[in-house]
$ cat data-v7.pdb   # PDB, C-alpha atoms
MODEL        1
ATOM      1  CA  MET A   1      25.416 -21.037 -21.316
ATOM      2  CA  LYS A   2      22.658 -23.524 -20.412
ATOM      3  CA  ARG A   3      22.950 -22.588 -16.736
ATOM      4  CA  ILE A   4      22.904 -18.851 -17.374
ATOM      5  CA  PHE A   5      19.806 -18.791 -19.607
ATOM      6  CA  PRO A   6      17.281 -19.700 -16.838
ATOM      7  CA  LEU A   7      18.774 -16.980 -14.642
ATOM      8  CA  ILE A   8      18.531 -14.403 -17.429
ATOM      9  CA  ALA A   9      14.933 -15.464 -18.138
ATOM     10  CA  ALA A  10      13.997 -15.136 -14.459
ATOM     11  CA  ILE A  11      15.524 -11.656 -14.276
ATOM     12  CA  ALA A  12      13.679 -10.588 -17.439
ATOM     13  CA  ILE A  13      10.351 -11.840 -16.084
ATOM     14  CA  ALA A  14      10.882 -10.061 -12.749
ATOM     15  CA  ALA A  15      11.876  -6.831 -14.501
ATOM     16  CA  SER A  16       8.739  -6.914 -16.641
ATOM     17  CA  ALA A  17       6.402  -7.396 -13.663
ATOM     18  CA  PRO A  18       3.939  -4.518 -13.215
ATOM     19  CA  ALA A  19       4.811  -1.766 -10.764
ATOM     20  CA  HIS A  20       1.850  -2.784  -8.600
ATOM     21  CA  ALA A  21       2.875  -6.423  -8.236
ATOM     22  CA  LEU A  22       2.355  -7.636  -4.698
ATOM     23  CA  PRO A  23       3.758  -8.333  -2.164
ATOM     24  CA  GLN A  24       5.487  -5.033  -1.407
ATOM     25  CA  CYS A  25       7.272  -3.903   1.732
ATOM     26  CA  GLY A  26       8.230  -0.379   2.674
ATOM     27  CA  SER A  27       7.012   2.622   4.609
ATOM     28  CA  ALA A  28       3.408   3.682   5.205
ATOM     29  CA  SER A  29       1.899   6.895   6.492
ATOM     30  CA  TRP A  30      -1.663   8.002   7.190
ATOM     31  CA  TYR A  31      -3.815  10.952   6.214
ATOM     32  CA  SER A  32      -7.199  12.416   7.054
ATOM     33  CA  LEU A  33      -8.996  14.928   4.827
ATOM     34  CA  PRO A  34     -12.628  14.502   5.903
ATOM     35  CA  GLY A  35     -15.111  15.277   3.167
ATOM     36  CA  ASN A  36     -12.503  15.908   0.455
ATOM     37  CA  ARG A  37     -12.852  13.886  -2.714
ATOM     38  CA  THR A  38     -10.469  11.002  -3.276
ATOM     39  CA  ALA A  39      -8.993  10.263  -6.709
ATOM     40  CA  ASN A  40     -11.840   7.867  -7.508
ATOM     41  CA  GLY A  41     -14.426  10.557  -6.706
ATOM     42  CA  GLU A  42     -15.763   9.378  -3.361
ATOM     43  CA  ARG A  43     -15.639  11.466  -0.199
ATOM     44  CA  MET A  44     -12.794  10.717   2.193
ATOM     45  CA  ASP A  45     -13.991   8.991   5.353
ATOM     46  CA  PRO A  46     -11.138   8.948   7.892
ATOM     47  CA  ALA A  47     -12.769   6.071   9.782
ATOM     48  CA  ALA A  48     -13.052   3.827   6.703
ATOM     49  CA  MET A  49     -10.509   1.115   5.924
ATOM     50  CA  THR A  50      -9.195   2.799   2.766
ATOM     51  CA  ALA A  51      -5.834   3.785   1.325
ATOM     52  CA  ALA A  52      -3.961   5.621  -1.397
ATOM     53  CA  HIS A  53      -1.502   3.774  -3.647
ATOM     54  CA  ARG A  54       0.309   5.044  -6.728
ATOM     55  CA  SER A  55      -0.614   2.232  -9.121
ATOM     56  CA  LEU A  56      -2.979  -0.384  -7.687
ATOM     57  CA  PRO A  57      -6.397  -0.276  -9.381
ATOM     58  CA  PHE A  58      -9.215   1.447  -7.508
ATOM     59  CA  GLY A  59     -11.252  -1.094  -5.556
ATOM     60  CA  SER A  60      -8.272  -3.384  -4.981
ATOM     61  CA  ARG A  61      -8.212  -4.883  -1.527
ATOM     62  CA  VAL A  62      -4.831  -5.308   0.090
ATOM     63  CA  ARG A  63      -3.724  -6.735   3.408
ATOM     64  CA  VAL A  64      -1.391  -4.382   5.264
ATOM     65  CA  VAL A  65       0.795  -5.806   8.033
ATOM     66  CA  ASN A  66       2.577  -3.490  10.466
ATOM     67  CA  GLN A  67       6.080  -4.978  10.678
ATOM     68  CA  ARG A  68       6.720  -3.373  14.071
ATOM     69  CA  ASN A  69       3.815  -4.962  15.970
ATOM     70  CA  GLY A  70       2.317  -7.653  13.693
ATOM     71  CA  ARG A  71      -1.123  -6.031  13.479
ATOM     72  CA  GLU A  72      -2.879  -6.303  10.129
ATOM     73  CA  VAL A  73      -5.860  -4.837   8.327
ATOM     74  CA  VAL A  74      -7.462  -5.137   4.880
ATOM     75  CA  VAL A  75      -7.956  -1.822   3.088
ATOM     76  CA  ARG A  76      -9.578  -0.800  -0.195
ATOM     77  CA  ILE A  77      -7.625   1.409  -2.591
ATOM     78  CA  ASN A  78      -9.646   4.544  -3.403
ATOM     79  CA  ASP A  79      -7.028   7.269  -3.784
ATOM     80  CA  ARG A  80      -3.626   8.026  -5.325
ATOM     81  CA  GLY A  81      -0.419   8.650  -3.438
ATOM     82  CA  PRO A  82       1.654   8.783  -1.356
ATOM     83  CA  PHE A  83       3.744  11.518  -2.846
ATOM     84  CA  ILE A  84       6.584  11.302  -0.336
ATOM     85  CA  ARG A  85       9.697   9.479  -1.490
ATOM     86  CA  GLY A  86      10.114   6.034   0.017
ATOM     87  CA  ARG A  87       6.494   5.556   1.048
ATOM     88  CA  ILE A  88       4.398   2.955  -0.738
ATOM     89  CA  ILE A  89       0.946   3.501   0.771
ATOM     90  CA  ASP A  90      -1.041   6.212   2.593
ATOM     91  CA  LEU A  91      -3.675   4.792   4.922
ATOM     92  CA  SER A  92      -6.820   6.358   6.321
ATOM     93  CA  LYS A  93      -6.614   7.367   9.966
ATOM     94  CA  GLY A  94      -8.919   4.480  10.870
ATOM     95  CA  ALA A  95      -6.590   1.963   9.234
ATOM     96  CA  ALA A  96      -3.580   3.554  10.949
ATOM     97  CA  GLN A  97      -5.361   3.305  14.311
ATOM     98  CA  ALA A  98      -6.099  -0.382  13.703
ATOM     99  CA  LEU A  99      -2.415  -0.902  12.864
ATOM    100  CA  GLY A 100      -1.311   1.080  15.933
ATOM    101  CA  PHE A 101       0.828   3.837  14.432
ATOM    102  CA  VAL A 102      -1.231   7.055  14.520
ATOM    103  CA  ARG A 103       1.092   8.751  17.042
ATOM    104  CA  ALA A 104       4.234   7.764  15.125
ATOM    105  CA  GLY A 105       2.824   9.010  11.815
ATOM    106  CA  HIS A 106       4.495   6.305   9.744
ATOM    107  CA  THR A 107       5.692   2.717  10.085
ATOM    108  CA  LYS A 108       7.243  -0.185   8.195
ATOM    109  CA  ILE A 109       4.649  -2.380   6.496
ATOM    110  CA  CYS A 110       4.195  -5.165   3.973
ATOM    111  CA  LEU A 111       1.316  -5.344   1.491
ATOM    112  CA  ASP A 112      -0.233  -8.485   0.047
ATOM    113  CA  ARG A 113      -3.477  -9.468  -1.644
ATOM    114  CA  GLY A 114      -6.426  -8.829   0.654
TER     115      GLY A 114
ENDMDL
END
$ encode --input "data-v7.pdb" --output "structure tokens"
Amino acid sequence: MKRIFPLIAAIAIAASAPAHALPQCGSASWYSLPGNRTANGERMDPAAMTAAHRSLPFGSRVRVVNQRNGREVVVRINDRGPFIRGRIIDLSKGAAQALGFVRAGHTKICLDRG
């Protein structure tokens, strides 16, 4: 029982971690809606280094690493999404260009504190 308790405690702590705990790895896509308002009220600038995430607080800065080519960029969360199953972040077109996946439309990434 003494050996099992630390394992159970570790599982309980991990299960109670917030949904926006970083790091995260998964799929990313990009979007561009020039002039439209983002969820935090600012106008979308496709050239800006911004992104949409379902739960990270607005203003959070996260480092995004493209797992296919190693390129990385720091983006600021200013919108909500993505709303496509399996995707964890939607990047501005400018961020996607910096990461080198505009033509592909989506890629495998990892997120960490920016």
$ closest_residue --input "data-v7.pdb" --among "A:Ile109, A:Val74, A:Ala21, A:Leu91" --to "A:Val62" --atoms "only C-alpha atoms"
A:Val74
$ residues_around --input "data-v7.pdb" --residues "A:Leu22" --least-positions-apart "2" --cutoff "7 Å" --atoms "only C-alpha atoms" --output "VMD selection string"
chain A and resid 20 24 111 to 113
$ write_last_selection --input "data-v7.pdb" --atoms "C-alpha atoms" --output "PDB file, keeping the file's coordinate frame"
ATOM      1  CA  HIS A  20       1.850  -2.784  -8.600  1.00  0.00           C
ATOM      2  CA  GLN A  24       5.487  -5.033  -1.407  1.00  0.00           C
ATOM      3  CA  LEU A 111       1.316  -5.344   1.491  1.00  0.00           C
ATOM      4  CA  ASP A 112      -0.233  -8.485   0.047  1.00  0.00           C
ATOM      5  CA  ARG A 113      -3.477  -9.468  -1.644  1.00  0.00           C
TER       6      ARG A 113
END
$ atom_distance --input "data-v7.pdb" --atom1 "atom CA of A:Gly41" --atom2 "atom CA of A:Ala104"
28.9 Å
$ closest_residue --input "data-v7.pdb" --among "A:Tyr31, A:His106, A:Gln97, A:Cys25" --to "A:Gly81" --atoms "all atoms listed in the file"
A:Tyr31
$ residues_around --input "data-v7.pdb" --residues "A:Leu99" --least-positions-apart "2" --cutoff "12 Å" --atoms "all atoms listed in the file" --output "count of residues only"
34
$ residues_around --input "data-v7.pdb" --residues "A:Gly35" --least-positions-apart "2" --cutoff "8 Å" --atoms "only C-alpha atoms" --output "ChimeraX atom specification"
/A:33,37,43-45
$ closest_residue --input "data-v7.pdb" --among "A:Ala47, A:Ala39, A:Ile89, A:Ala52" --to "A:Ile77" --atoms "only C-alpha atoms"
A:Ala52
$ atom_distance --input "data-v7.pdb" --atom1 "atom CA of A:Ser32" --atom2 "atom CA of A:Arg54"
17.3 Å
$ resolve_selection --input "data-v7.pdb" --expression "the PyMOL selection byres ((chain A and resi 78) around 8)" --output "list in words"
Thr38, Ala39, Asn40, Glu42, Thr50, Ala51, Ala52, Phe58, Gly59, Arg76, Ile77, Asp79 and Arg80 of chain A
$ atom_distance --input "data-v7.pdb" --atom1 "atom CA of A:Ser60" --atom2 "atom CA of A:Asp90"
14.2 Å
